[in-house]
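Visitor: Structure: final19.txt, compact mmCIF, C-alpha atoms.
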```txt
# COMPACT_ATOMS: atom_id res chain seq x y z
CA MET A 26 -1.33 -16.65 -21.97
CA SER A 27 1.52 -15.88 -24.35
CA THR A 28 -0.71 -13.53 -26.35
CA VAL A 29 -1.46 -11.55 -23.18
CA MET A 30 2.22 -11.35 -22.30
CA ASP A 31 3.13 -10.47 -25.87
CA ASN A 32 0.62 -7.63 -25.73
CA ALA A 33 1.94 -6.57 -22.32
CA ASN A 34 5.44 -6.37 -23.79
CA VAL A 35 4.14 -4.34 -26.73
CA LEU A 36 2.41 -2.01 -24.26
CA ALA A 37 5.59 -1.69 -22.18
CA ASN A 38 7.59 -0.81 -25.28
CA SER A 39 4.93 1.69 -26.36
CA ILE A 40 5.13 3.37 -22.98
CA ARG A 41 8.94 3.54 -23.16
CA GLU A 42 8.66 5.11 -26.62
CA SER A 43 5.93 7.57 -25.63
CA LYS A 44 6.56 11.31 -25.58
CA GLU A 45 5.47 11.43 -21.92
CA TYR A 46 7.99 8.79 -20.85
CA LEU A 47 10.90 10.12 -22.89
CA GLU A 48 10.41 13.72 -21.79
CA TYR A 49 9.99 12.72 -18.14
CA LYS A 50 13.07 10.49 -18.25
CA GLU A 51 15.15 13.24 -19.84
CA ILE A 52 14.19 16.00 -17.40
CA LYS A 53 14.51 13.64 -14.42
CA ALA A 54 18.07 12.76 -15.46
CA LYS A 55 18.86 16.47 -15.81
CA ILE A 56 17.43 17.33 -12.38
CA PHE A 57 19.03 14.37 -10.64
CA SER A 58 22.48 15.15 -12.10
CA ASP A 59 22.59 18.11 -9.67
CA ALA A 60 23.17 16.56 -6.23
CA ASP A 61 21.67 19.48 -4.30
CA LEU A 62 18.59 19.67 -6.48
CA LYS A 63 18.19 15.90 -6.36
CA LYS A 64 18.28 16.01 -2.55
CA LEU A 65 15.58 18.71 -2.42
CA VAL A 66 13.33 16.93 -4.93
CA GLU A 67 13.73 13.63 -3.08
CA GLU A 68 12.90 15.32 0.23
CA PHE A 69 9.81 16.87 -1.36
CA GLU A 70 8.72 13.53 -2.85
CA LYS A 71 9.28 11.71 0.46
CA ILE A 72 7.11 14.15 2.40
CA ARG A 73 4.47 14.18 -0.35
CA TYR A 74 4.34 10.38 -0.36
CA GLU A 75 4.05 10.19 3.44
CA GLU A 76 1.23 12.72 3.49
CA GLN A 77 -0.64 11.04 0.62
CA LEU A 78 -0.34 7.72 2.46
CA LEU A 79 -1.82 9.25 5.61
CA GLU A 80 -4.68 10.67 3.57
CA LEU A 81 -5.38 7.32 1.92
CA GLN A 82 -5.41 5.66 5.33
CA GLY A 83 -7.93 8.21 6.53
CA GLU A 84 -5.49 9.70 9.02
CA LYS A 85 -4.92 13.37 9.67
CA GLN A 86 -2.10 14.96 7.73
CA SER A 87 0.62 16.79 9.62
CA VAL A 88 0.16 20.55 9.42
CA GLU A 89 3.91 21.02 9.85
CA LYS A 90 4.76 18.61 7.06
CA MET A 91 2.17 20.16 4.76
CA GLN A 92 3.72 23.58 5.40
CA LYS A 93 7.19 22.16 4.75
CA LEU A 94 5.87 20.60 1.55
CA GLN A 95 4.45 23.93 0.38
CA GLU A 96 7.68 25.74 1.25
CA LEU A 97 9.78 23.18 -0.63
CA TYR A 98 7.47 23.34 -3.63
CA THR A 99 7.65 27.15 -3.70
CA VAL A 100 11.45 27.03 -3.66
CA LEU A 101 11.70 24.18 -6.18
CA VAL A 102 9.39 25.59 -8.85
CA GLN A 103 11.44 28.76 -9.04
CA ASP A 104 13.86 26.60 -11.03
CA ASN A 105 12.40 26.22 -14.54
CA ASP A 106 13.84 22.72 -14.93
CA VAL A 107 12.22 21.55 -11.70
CA LYS A 108 8.93 23.15 -12.72
CA ASP A 109 9.21 21.30 -16.04
CA PHE A 110 10.06 18.10 -14.16
CA PHE A 111 6.89 18.34 -12.06
CA GLU A 112 4.76 19.05 -15.14
CA LYS A 113 6.23 16.13 -17.07
CA GLU A 114 5.89 13.87 -14.03
CA VAL A 115 2.17 14.66 -13.89
CA LYS A 116 1.73 13.99 -17.62
CA PHE A 117 3.55 10.66 -17.34
CA ASN A 118 1.55 9.64 -14.26
CA LEU A 119 -1.70 10.51 -16.07
CA LEU A 120 -0.66 8.29 -18.97
CA ILE A 121 0.00 5.38 -16.61
CA ALA A 122 -3.26 6.02 -14.74
CA ASP A 123 -5.17 5.99 -18.05
CA VAL A 124 -3.53 2.69 -19.03
CA ASN A 125 -4.39 1.20 -15.64
CA LYS A 126 -7.97 2.44 -15.92
CA THR A 127 -8.33 0.93 -19.38
CA ILE A 128 -7.08 -2.43 -18.13
CA GLY A 129 -9.21 -2.24 -14.99
CA ASP A 130 -12.32 -1.32 -16.94
CA SER A 131 -11.83 -4.30 -19.23
CA ILE A 132 -11.84 -6.77 -16.32
CA LYS A 133 -14.13 -5.05 -13.85
CA ASP A 134 -16.80 -7.71 -14.27
CA VAL A 135 -14.61 -10.26 -12.46
CA LEU A 136 -13.23 -7.82 -9.90
CA ALA A 137 -16.59 -6.87 -8.43
```
Please express the file's structure as structure tokens.
Guide:
Amino acid sequence: MSTVMDNANVLANSIRESKEYLEYKEIKAKIFSDADLKKLVEEFEKIRYEEQLLELQGEKQSVEKMQKLQELYTVLVQDNDVKDFFEKEVKFNLLIADVNKTIGDSIKDVLA
């Protein structure tokens, strides 16, 4: 067990030292230091999360909220830092998804 946890800690440290993590953390701090921008990004993320949850549950997404989401995105990406934030967020999320896939693939024989 300790070997697994030791490796998990090594993985956690590797993630924290990765380019994807460091760049995402830096741009997120920059964006969130502006209270107005932070509020807009948080509103966007809240609506996006709610709509993704509906989709995952097989429920119909709100046309109004999807329009609001698109409008917010259009406004937000006009700011180069926010555009960079979204790009770095995607790269970081892909890294984490790849790590999760690798772990999942290694134990899929007992999960089926």
Visitor: Please report, as lines of an AutoDock Vina configuration file, the centre and edge lengths in Å to one decimal of an axis-aligned box covering all listed atoms of range 51-58 of chain A with 6 Å per side.
Guide:
```
center_x = 18.3
center_y = 15.0
center_z = -15.2
size_x = 20.3
size_y = 16.6
size_z = 21.2
```
Visitor: Between CA of Ala122 in chain A and CA of Thr28 in chain A, what distance in Å does the model show, to one decimal?
Guide: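 It comes out at 22.9 Å.
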Visitor: Please provide the set of residues having any atom within 10 Å of range 55-61 of chain A, restricted to only C-alpha atoms, with same-chain residues fewer than 6 positions apart removed, written as a VMD selection string.
Guide: chain A and resid 49 67 106 to 107 109 to 110
Visitor: Excluding range 34-47 of chain A and its own-chain neighbours fewer than 5 positions away, which residues fall within 8 Å of it when counting all atoms listed in the file? Please give them as a list in words.
Guide: Lys113, Lys116, Phe117 and Leu120 of chain A
Visitor: For the atom pair CA of Arg73 in chain A and CA of Val88 in chain A, what is the interatomic distance in Å to one decimal place?
Guide: 12.4 Å
Visitor: Please compute the CA of Lys90 in chain A-CA of Phe69 in chain A distance, one decimal, in Å.
Guide: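 Result for CA of Lys90 in chain A versus CA of Phe69 in chain A: 10.0 Å, one decimal.
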Visitor: Counting all atoms listed in the file, which of A:Leu78, A:Ile72, A:Leu62, A:Val29 gets nearest to Leu101 in chain A?
Guide: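 Of the candidates, the smallest distance to Leu101 in chain A is held by A:Leu62.
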Visitor: If I only want range 99-121 of chain A, can you write it with C-alpha atoms, as an mmCIF file, in the first residue's frame?
Guide:
```
data_model
loop_
_atom_site.group_PDB
_atom_site.id
_atom_site.type_symbol
_atom_site.label_atom_id
_atom_site.label_comp_id
_atom_site.auth_asym_id
_atom_site.auth_seq_id
_atom_site.Cartn_x
_atom_site.Cartn_y
_atom_site.Cartn_z
ATOM 1 C CA THR A 99 -17.926 35.958 -26.795
ATOM 2 C CA VAL A 100 -17.412 38.839 -24.375
ATOM 3 C CA LEU A 101 -14.817 37.022 -22.269
ATOM 4 C CA VAL A 102 -12.544 35.842 -25.083
ATOM 5 C CA GLN A 103 -12.143 39.393 -26.326
ATOM 6 C CA ASP A 104 -9.769 39.740 -23.376
ATOM 7 C CA ASN A 105 -6.498 38.026 -24.359
ATOM 8 C CA ASP A 106 -5.808 36.932 -20.779
ATOM 9 C CA VAL A 107 -9.204 35.254 -20.500
ATOM 10 C CA LYS A 108 -8.711 33.599 -23.877
ATOM 11 C CA ASP A 109 -5.342 32.345 -22.624
ATOM 12 C CA PHE A 110 -6.997 31.199 -19.387
ATOM 13 C CA PHE A 111 -9.537 29.086 -21.287
ATOM 14 C CA GLU A 112 -6.811 27.575 -23.483
ATOM 15 C CA LYS A 113 -4.614 26.715 -20.508
ATOM 16 C CA GLU A 114 -7.613 25.338 -18.617
ATOM 17 C CA VAL A 115 -8.312 22.945 -21.492
ATOM 18 C CA LYS A 116 -4.668 21.834 -21.650
ATOM 19 C CA PHE A 117 -4.591 21.199 -17.895
ATOM 20 C CA ASN A 118 -7.901 19.315 -17.983
ATOM 21 C CA LEU A 119 -6.600 17.157 -20.852
ATOM 22 C CA LEU A 120 -3.523 16.303 -18.795
ATOM 23 C CA ILE A 121 -5.688 15.236 -15.849
#
```
